[in-house]
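Here is the file work-v1.txt (compact mmCIF, C-alpha atoms).
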# COMPACT_ATOMS: atom_id res chain seq x y z
CA MET A 32 103.96 -38.94 -47.70
CA LYS A 33 103.23 -38.42 -44.01
CA LEU A 34 105.34 -35.26 -44.14
CA LEU A 35 102.94 -33.54 -46.54
CA PRO A 36 100.02 -32.87 -44.17
CA LYS A 37 102.44 -31.95 -41.39
CA LEU A 38 104.24 -29.53 -43.66
CA ALA A 39 101.02 -28.02 -44.96
CA ALA A 40 99.75 -27.48 -41.43
CA THR A 41 103.01 -25.85 -40.41
CA LEU A 42 103.24 -23.49 -43.36
CA LEU A 43 99.63 -22.40 -42.90
CA LEU A 44 100.07 -21.32 -39.27
CA GLY A 45 99.10 -17.72 -39.01
CA LEU A 46 97.83 -17.66 -42.60
CA ALA A 47 94.37 -16.46 -41.68
CA ALA A 48 95.81 -13.31 -40.14
CA ALA A 49 98.62 -12.88 -42.65
CA THR A 50 98.89 -9.81 -44.81
CA ALA A 51 100.85 -9.16 -47.98
CA GLN A 52 103.71 -7.97 -45.78
CA ALA A 53 103.65 -10.99 -43.49
CA GLY A 54 106.96 -12.67 -42.79
CA ASN A 55 107.69 -16.36 -42.49
CA VAL A 56 109.68 -17.15 -39.37
CA LEU A 57 111.41 -20.46 -38.81
CA VAL A 58 111.41 -21.57 -35.18
CA VAL A 59 114.03 -24.22 -34.44
CA LEU A 60 113.72 -26.42 -31.36
CA SER A 61 115.65 -29.36 -29.96
CA ASP A 62 114.61 -32.97 -30.47
CA GLU A 63 115.93 -33.80 -27.01
CA ASN A 64 114.11 -34.19 -23.70
CA HIS A 65 117.23 -34.39 -21.53
CA LEU A 66 120.71 -33.00 -20.97
CA ASP A 67 123.64 -35.25 -20.10
CA LEU A 68 125.43 -33.86 -17.05
CA LYS A 69 128.76 -34.74 -15.46
CA ASP A 70 129.30 -38.13 -13.81
CA GLY A 71 126.59 -39.82 -15.86
CA LYS A 72 123.74 -37.81 -14.36
CA VAL A 73 120.85 -36.75 -16.58
CA LEU A 74 118.55 -33.72 -16.40
CA SER A 75 115.02 -33.99 -17.79
CA THR A 76 114.46 -30.86 -19.84
CA GLY A 77 113.19 -29.43 -23.12
CA PHE A 78 112.22 -25.92 -24.22
CA PHE A 79 111.12 -23.25 -21.73
CA LEU A 80 107.44 -22.44 -22.18
CA ASN A 81 107.72 -18.66 -22.06
CA GLU A 82 110.87 -18.56 -24.17
CA LEU A 83 109.04 -20.27 -27.01
CA MET A 84 105.48 -19.06 -26.62
CA GLN A 85 105.89 -15.37 -25.80
CA PRO A 86 107.68 -14.58 -29.09
CA VAL A 87 105.47 -17.04 -31.00
CA LYS A 88 102.31 -15.33 -29.75
CA LEU A 89 103.68 -11.92 -30.69
CA LEU A 90 104.48 -13.15 -34.20
CA LEU A 91 101.13 -14.83 -34.76
CA ASP A 92 99.19 -11.86 -33.35
CA ALA A 93 101.05 -9.63 -35.82
CA GLY A 94 100.00 -11.84 -38.73
CA HIS A 95 103.30 -13.56 -39.43
CA GLN A 96 103.58 -17.19 -40.45
CA ILE A 97 105.62 -19.67 -38.44
CA THR A 98 107.24 -22.93 -39.44
CA PHE A 99 108.50 -25.20 -36.66
CA ALA A 100 111.45 -27.54 -37.09
CA THR A 101 113.82 -29.74 -35.11
CA PRO A 102 116.95 -31.52 -36.40
CA ASN A 103 115.12 -34.84 -36.83
CA GLY A 104 111.53 -33.63 -37.06
CA GLN A 105 110.51 -35.06 -33.70
CA ALA A 106 107.91 -33.39 -31.50
CA PRO A 107 109.77 -31.24 -28.95
CA THR A 108 109.35 -31.45 -25.18
CA VAL A 109 108.40 -28.64 -22.85
CA ASP A 110 110.47 -28.40 -19.67
CA ALA A 111 107.98 -29.08 -16.88
CA SER A 112 109.82 -26.72 -14.53
CA SER A 113 109.01 -23.82 -16.87
CA ILE A 114 105.24 -24.25 -16.65
CA THR A 115 104.79 -21.70 -13.89
CA SER A 116 103.40 -18.19 -13.64
CA ALA A 117 106.80 -17.05 -12.31
CA TYR A 118 107.94 -16.76 -15.94
CA PHE A 119 104.81 -14.84 -16.91
CA GLY A 120 104.97 -11.94 -14.47
CA ASN A 121 103.36 -14.10 -11.76
CA ASP A 122 100.16 -13.79 -13.78
CA ALA A 123 98.27 -17.10 -13.81
CA ALA A 124 95.93 -15.91 -16.55
CA ASN A 125 98.88 -14.97 -18.77
CA LEU A 126 100.41 -18.39 -18.18
CA GLN A 127 97.13 -20.06 -19.18
CA VAL A 128 96.88 -18.06 -22.41
CA HIS A 129 100.30 -19.31 -23.52
CA LYS A 130 99.61 -22.88 -22.39
CA ASP A 131 96.39 -22.83 -24.42
CA LEU A 132 98.22 -21.58 -27.50
CA LEU A 133 100.83 -24.33 -27.17
CA ALA A 134 98.03 -26.89 -26.94
CA LYS A 135 96.30 -25.40 -29.99
CA LEU A 136 99.50 -25.62 -32.05
CA ALA A 137 99.97 -29.26 -30.91
CA LEU A 138 103.74 -28.86 -31.06
CA THR A 139 104.44 -31.45 -28.37
CA SER A 140 101.92 -33.99 -29.67
CA ARG A 141 103.58 -37.18 -30.90
CA GLU A 142 100.66 -37.71 -33.31
CA LYS A 143 99.72 -34.18 -34.43
CA SER A 144 102.87 -32.08 -34.14
CA PRO A 145 103.43 -29.89 -37.24
CA VAL A 146 107.20 -29.96 -36.67
CA VAL A 147 109.35 -30.92 -39.65
CA SER A 148 113.02 -31.84 -39.90
CA LEU A 149 115.83 -29.45 -40.76
CA ALA A 150 116.55 -31.68 -43.76
CA ARG A 151 113.07 -30.88 -45.03
CA ILE A 152 113.68 -27.17 -44.42
CA GLU A 153 116.85 -27.42 -46.47
CA GLN A 154 114.93 -29.12 -49.30
CA LEU A 155 112.31 -26.37 -49.27
CA GLY A 156 115.01 -23.70 -49.43
CA TYR A 157 116.22 -21.33 -46.77
CA ASP A 158 115.25 -18.35 -48.91
CA ARG A 159 111.57 -18.75 -48.09
CA PHE A 160 112.24 -17.74 -44.47
CA ASP A 161 112.71 -14.17 -43.32
CA ALA A 162 114.05 -14.92 -39.85
CA VAL A 163 114.94 -17.76 -37.52
CA TYR A 164 114.23 -17.96 -33.80
CA ILE A 165 115.74 -20.43 -31.31
CA PRO A 166 114.41 -20.49 -27.73
CA GLY A 167 116.18 -21.92 -24.73
CA GLY A 168 115.67 -24.46 -22.04
CA HIS A 169 118.63 -26.79 -21.53
CA ALA A 170 117.78 -29.02 -24.52
CA PRO A 171 119.78 -27.03 -27.13
CA MET A 172 122.88 -27.89 -25.06
CA GLN A 173 122.31 -31.55 -25.98
CA ASP A 174 121.95 -31.39 -29.78
CA LEU A 175 121.57 -27.97 -31.43
CA LEU A 176 125.10 -26.83 -30.59
CA LYS A 177 126.60 -29.48 -32.89
CA SER A 178 123.84 -30.11 -35.43
CA PRO A 179 125.34 -30.03 -38.95
CA ALA A 180 121.93 -29.24 -40.46
CA LEU A 181 121.46 -26.27 -38.15
CA GLY A 182 125.01 -25.14 -38.89
CA ARG A 183 124.23 -25.02 -42.61
CA LEU A 184 121.04 -23.07 -41.99
CA LEU A 185 122.63 -20.50 -39.71
CA THR A 186 125.60 -20.11 -42.03
CA ASP A 187 123.21 -19.35 -44.89
CA PHE A 188 121.34 -16.80 -42.78
CA HIS A 189 124.62 -15.19 -41.76
CA SER A 190 125.78 -14.94 -45.37
CA ARG A 191 122.56 -13.10 -46.26
CA SER A 192 122.46 -10.99 -43.07
CA LYS A 193 119.04 -12.47 -42.25
CA THR A 194 117.62 -11.97 -38.76
CA THR A 195 118.72 -14.66 -36.31
CA ALA A 196 117.22 -14.47 -32.81
CA LEU A 197 118.07 -16.69 -29.83
CA VAL A 198 117.42 -16.57 -26.09
CA CYS A 199 118.79 -17.98 -22.81
CA HIS A 200 120.50 -21.32 -23.67
CA GLY A 201 119.43 -20.91 -27.31
CA PRO A 202 122.54 -18.92 -28.38
CA ILE A 203 124.65 -22.05 -27.78
CA ALA A 204 123.24 -23.18 -31.14
CA LEU A 205 125.55 -20.66 -32.83
CA LEU A 206 128.40 -23.12 -32.21
CA SER A 207 126.86 -25.41 -34.84
CA THR A 208 128.43 -23.18 -37.51
CA LEU A 209 131.98 -24.01 -36.39
CA PRO A 210 134.12 -26.01 -38.86
CA ASP A 211 134.29 -28.84 -36.28
CA ALA A 212 131.48 -28.17 -33.84
CA SER A 213 131.51 -31.69 -32.39
CA GLY A 214 135.25 -31.53 -31.75
CA PHE A 215 134.96 -28.10 -30.16
CA VAL A 216 132.16 -29.32 -27.87
CA ALA A 217 134.11 -32.46 -26.94
CA THR A 218 137.06 -30.30 -25.86
CA LEU A 219 134.76 -28.15 -23.73
CA GLU A 220 133.25 -31.25 -22.14
CA SER A 221 136.70 -32.55 -21.27
CA GLY A 222 137.37 -29.39 -19.28
CA GLN A 223 140.08 -28.17 -21.62
CA ALA A 224 140.21 -24.75 -23.22
CA PRO A 225 139.85 -25.22 -26.99
CA ARG A 226 141.88 -23.21 -29.46
CA ALA A 227 139.92 -20.25 -30.85
CA PRO A 228 138.62 -21.49 -34.22
CA GLN A 229 137.70 -19.66 -37.39
CA TRP A 230 134.08 -18.71 -36.75
CA ILE A 231 131.53 -16.66 -38.64
CA TYR A 232 130.37 -14.98 -35.42
CA SER A 233 133.84 -14.19 -34.10
CA GLY A 234 133.82 -10.66 -32.68
CA TYR A 235 130.02 -10.44 -32.48
CA GLN A 236 128.56 -9.04 -29.28
CA VAL A 237 126.14 -11.56 -27.82
CA THR A 238 124.45 -12.48 -24.61
CA VAL A 239 123.41 -15.85 -23.22
CA ILE A 240 122.55 -17.14 -19.76
CA SER A 241 125.54 -16.03 -17.71
CA ASN A 242 127.92 -18.15 -15.68
CA GLN A 243 126.67 -16.27 -12.61
CA GLU A 244 123.07 -17.17 -13.39
CA GLU A 245 124.03 -20.78 -14.09
CA GLU A 246 125.68 -20.98 -10.68
CA GLN A 247 122.60 -19.54 -9.01
CA ALA A 248 120.36 -22.00 -10.88
CA LYS A 249 122.41 -25.07 -9.91
CA PRO A 250 119.74 -26.37 -7.50
CA GLN A 251 117.50 -26.95 -10.53
CA LEU A 252 119.97 -29.58 -11.72
CA GLY A 253 119.04 -31.90 -8.85
CA GLY A 254 122.57 -32.22 -7.55
CA GLY A 255 124.10 -32.56 -10.99
CA GLU A 256 126.57 -30.30 -12.75
CA MET A 257 126.71 -29.13 -16.35
CA LYS A 258 129.72 -30.14 -18.39
CA PHE A 259 130.33 -26.50 -19.35
CA TYR A 260 128.49 -23.20 -19.37
CA PRO A 261 127.32 -21.50 -22.56
CA GLN A 262 128.85 -18.13 -21.69
CA THR A 263 132.30 -19.70 -21.48
CA ALA A 264 131.72 -21.69 -24.67
CA LEU A 265 130.70 -18.66 -26.75
CA GLN A 266 133.57 -16.59 -25.40
CA GLN A 267 136.09 -19.30 -26.19
CA ALA A 268 134.66 -19.58 -29.70
CA GLY A 269 135.31 -15.87 -30.22
CA ALA A 270 132.16 -13.96 -29.25
CA THR A 271 132.14 -10.91 -26.96
CA PHE A 272 129.77 -11.53 -24.06
CA ARG A 273 127.58 -8.72 -22.75
CA SER A 274 125.77 -9.29 -19.45
CA ASN A 275 123.02 -7.59 -17.53
CA ALA A 276 123.91 -5.61 -14.39
CA THR A 277 121.54 -7.64 -12.21
CA PRO A 278 121.19 -11.43 -12.57
CA TRP A 279 117.90 -12.56 -14.12
CA ALA A 280 116.98 -9.07 -15.35
CA SER A 281 116.04 -8.80 -19.03
CA ASN A 282 118.96 -8.18 -21.37
CA VAL A 283 118.88 -8.09 -25.16
CA VAL A 284 121.95 -7.57 -27.34
CA VAL A 285 121.68 -6.72 -31.04
CA ASP A 286 124.72 -6.98 -33.32
CA ARG A 287 124.21 -7.04 -37.08
CA GLU A 288 121.79 -9.89 -37.89
CA LEU A 289 121.97 -11.39 -34.39
CA ILE A 290 119.42 -10.73 -31.64
CA THR A 291 120.31 -12.52 -28.40
CA GLY A 292 118.51 -12.55 -25.06
CA GLN A 293 120.16 -13.54 -21.80
CA ASN A 294 117.53 -15.40 -19.80
CA PRO A 295 113.81 -16.24 -19.55
CA ALA A 296 112.99 -12.63 -18.62
CA SER A 297 114.46 -11.55 -21.97
CA ALA A 298 112.17 -13.64 -24.20
CA LEU A 299 109.43 -11.05 -24.66
CA ALA A 300 111.92 -8.30 -25.51
CA VAL A 301 113.65 -10.60 -28.02
CA GLY A 302 110.27 -11.24 -29.62
CA GLU A 303 109.60 -7.50 -29.82
CA GLU A 304 112.98 -6.88 -31.43
CA LEU A 305 112.29 -9.67 -33.90
CA LEU A 306 108.96 -8.05 -34.80
CA LYS A 307 110.74 -4.77 -35.59
CA ARG A 308 112.93 -6.58 -38.12
CA LEU A 309 109.88 -8.03 -39.89
CA LYS A 310 108.11 -4.70 -40.48
Show the structure stored in the file as structure tokens.
Amino acid sequence: MKLLPKLAATLLLGLAAATAQAGNVLVVLSDENHLDLKDGKVLSTGFFLNELMQPVKLLLDAGHQITFATPNGQAPTVDASSITSAYFGNDAANLQVHKDLLAKLALTSREKSPVVSLARIEQLGYDRFDAVYIPGGHAPMQDLLKSPALGRLLTDFHSRSKTTALVCHGPIALLSTLPDASGFVATLESGQAPRAPQWIYSGYQVTVISNQEEEQAKPQLGGGEMKFYPQTALQQAGATFRSNATPWASNVVVDRELITGQNPASALAVGEELLKRLK
């Protein structure tokens, strides 16, 4: 019964501003607050503040409703390193606006978070959602990429050509639709090149944080090293990677139902592209 007030609060987000044409967007986040690195090292992480909140603010301001979910329905964690004005145009006031909205939504609150599980989303029915959005931060590399529940959801969206938007490390979640996502990920983690599988996104043009950007961001790992990079993973699964010309510049790639953004600087543009699909 505890799910009922949480669910009601989630489904009512944005209701006051909603119009008859308002869409219902499902935002999927990771349950995890860390990423396992090579040699047993661990990175504390979560979602990137701007990658979640910039698109969310755009959607709410436009009158759309938002439902938040994680695989297990746990309150997500914000990556502390992302709480800086550097990701908000070096505008401290802009940073504060998005921090205040996150606090108002109570997403990270262990007691008040409106987040529900993907199992609950499946029970409600995928057809009630017009689009799905998955932000980055390193956390999706820990669980979303091999979540069976997320794989079912994304497969359903793909079959109906429903808008699917992801940014930075978020596009790694597309691997969850593989026939054996866990096996594919295990092969990547072992350093071997997996055989190209049958994949619903094979041949799609996508972007994701690039190998070049990952190399440049290595100092943020505190001396650790990722088991594999998402660009390599998506390419080996069968996607066609499209990069920006200058590292860390905004880059958004649209192919059929997919909208992918390359890095934190791409989050706002991904949100704007998502808004176009909901009009």
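Closest approach to Gly222 (chain A) among A:Ser241, A:Ser192, A:Thr263, A:Ser113: A:Thr263, based on only C-alpha atoms.
Between Ala204 (chain A) and the residues A:Pro171, A:Gly292, A:Gly253, A:Gly104, the shortest atom-to-atom distance, using all atoms listed in the file, involves A:Pro171.
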Sort by chain and increasing residue number a table of all residues of region 41-117 of chain A within 9 Å of region 175-188 of chain A, each with its closest pair of atoms and their distance in Å to one decimal, counting all atoms listed in the file, and write it as CSV.
residue,atom,partner,partner_atom,distance
A:Val59,CA,A:Leu181,CA,8.6
A:Leu60,CA,A:Leu175,CA,8.0
A:Ser61,CA,A:Leu175,CA,6.3
A:Asp62,CA,A:Leu175,CA,8.6
A:Thr101,CA,A:Leu175,CA,8.8
A:Pro102,CA,A:Ala180,CA,6.8
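Minimum atom-to-atom distance to Ala162 (chain A), evaluated using only C-alpha atoms, belongs to A:Thr98 out of A:Asn121, A:Ser148, A:Gln105, A:Thr98.
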Could you pull the residues within 12 Å of Leu132 (chain A), counting only C-alpha atoms, minus those fewer than 2 positions along the same chain, as a short mmCIF file (atom, residue, chain, number, x, y, z; two decimals) with C-alpha atoms, in the coordinates of the input?
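This went into around13.cif:
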data_model
loop_
_atom_site.label_atom_id
_atom_site.label_comp_id
_atom_site.auth_asym_id
_atom_site.auth_seq_id
_atom_site.Cartn_x
_atom_site.Cartn_y
_atom_site.Cartn_z
CA LEU A 44 100.07 -21.32 -39.27
CA LEU A 80 107.44 -22.44 -22.18
CA ASN A 81 107.72 -18.66 -22.06
CA LEU A 83 109.04 -20.27 -27.01
CA MET A 84 105.48 -19.06 -26.62
CA GLN A 85 105.89 -15.37 -25.80
CA PRO A 86 107.68 -14.58 -29.09
CA VAL A 87 105.47 -17.04 -31.00
CA LYS A 88 102.31 -15.33 -29.75
CA LEU A 89 103.68 -11.92 -30.69
CA LEU A 91 101.13 -14.83 -34.76
CA ASP A 92 99.19 -11.86 -33.35
CA ASN A 125 98.88 -14.97 -18.77
CA LEU A 126 100.41 -18.39 -18.18
CA GLN A 127 97.13 -20.06 -19.18
CA VAL A 128 96.88 -18.06 -22.41
CA HIS A 129 100.30 -19.31 -23.52
CA LYS A 130 99.61 -22.88 -22.39
CA ALA A 134 98.03 -26.89 -26.94
CA LYS A 135 96.30 -25.40 -29.99
CA LEU A 136 99.50 -25.62 -32.05
CA ALA A 137 99.97 -29.26 -30.91
CA LEU A 138 103.74 -28.86 -31.06
CA THR A 139 104.44 -31.45 -28.37
#
Surrounding residues of Gln251 (chain A) excluding itself and chain neighbours under 5 positions, 10 Å, only C-alpha atoms, as a VMD selection string: chain A and resid 74 112 245 256
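In this structure, CA of Tyr164 (chain A) sits 9.4 Å away from CA of Val301 (chain A).
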Neighbour residues at most 12 Å from (121.1, -30.1, -9.7) (only C-alpha atoms) as a ChimeraX atom specification: /A:66-69,72-75,245-257
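In terms of minimum interatomic distance to Phe272 (chain A), A:Tyr235 ranks closest within A:Ala298, A:Gln96, A:Leu306, A:Tyr235, counting all atoms listed in the file.
With distances restricted to all atoms listed in the file, A:Ala170 is the closest residue to Thr108 (chain A) from A:Ala300, A:Val58, A:Ala170, A:Leu265.
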Closest of A:Ala268, A:Asp161, A:Asn294, A:Ala224 to Ser207 (chain A) - atom-to-atom distances counting all atoms listed in the file: A:Ala268
Kindly provide, as lines of an AutoDock Vina configuration file, the centre and edge lengths (Å, one decimal) of an axis-aligned box around all atoms of region 193-199 of chain A given in the file, with 5 Å on each side.
center_x = 118.1
center_y = -15.0
center_z = -32.5
size_x = 11.8
size_y = 16.0
size_z = 29.4
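One finds CA of Leu205 (chain A) at 24.3 Å from CA of His95 (chain A).
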Phe99 (chain A) environment, 7 Å, only C-alpha atoms, sequence neighbours closer than 2 positions dropped, as a PyMOL selection string: chain A and resi 41+57-59+97+145-147
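As for CA of Val283 (chain A) and CA of Arg159 (chain A), they are spaced 26.3 Å apart.
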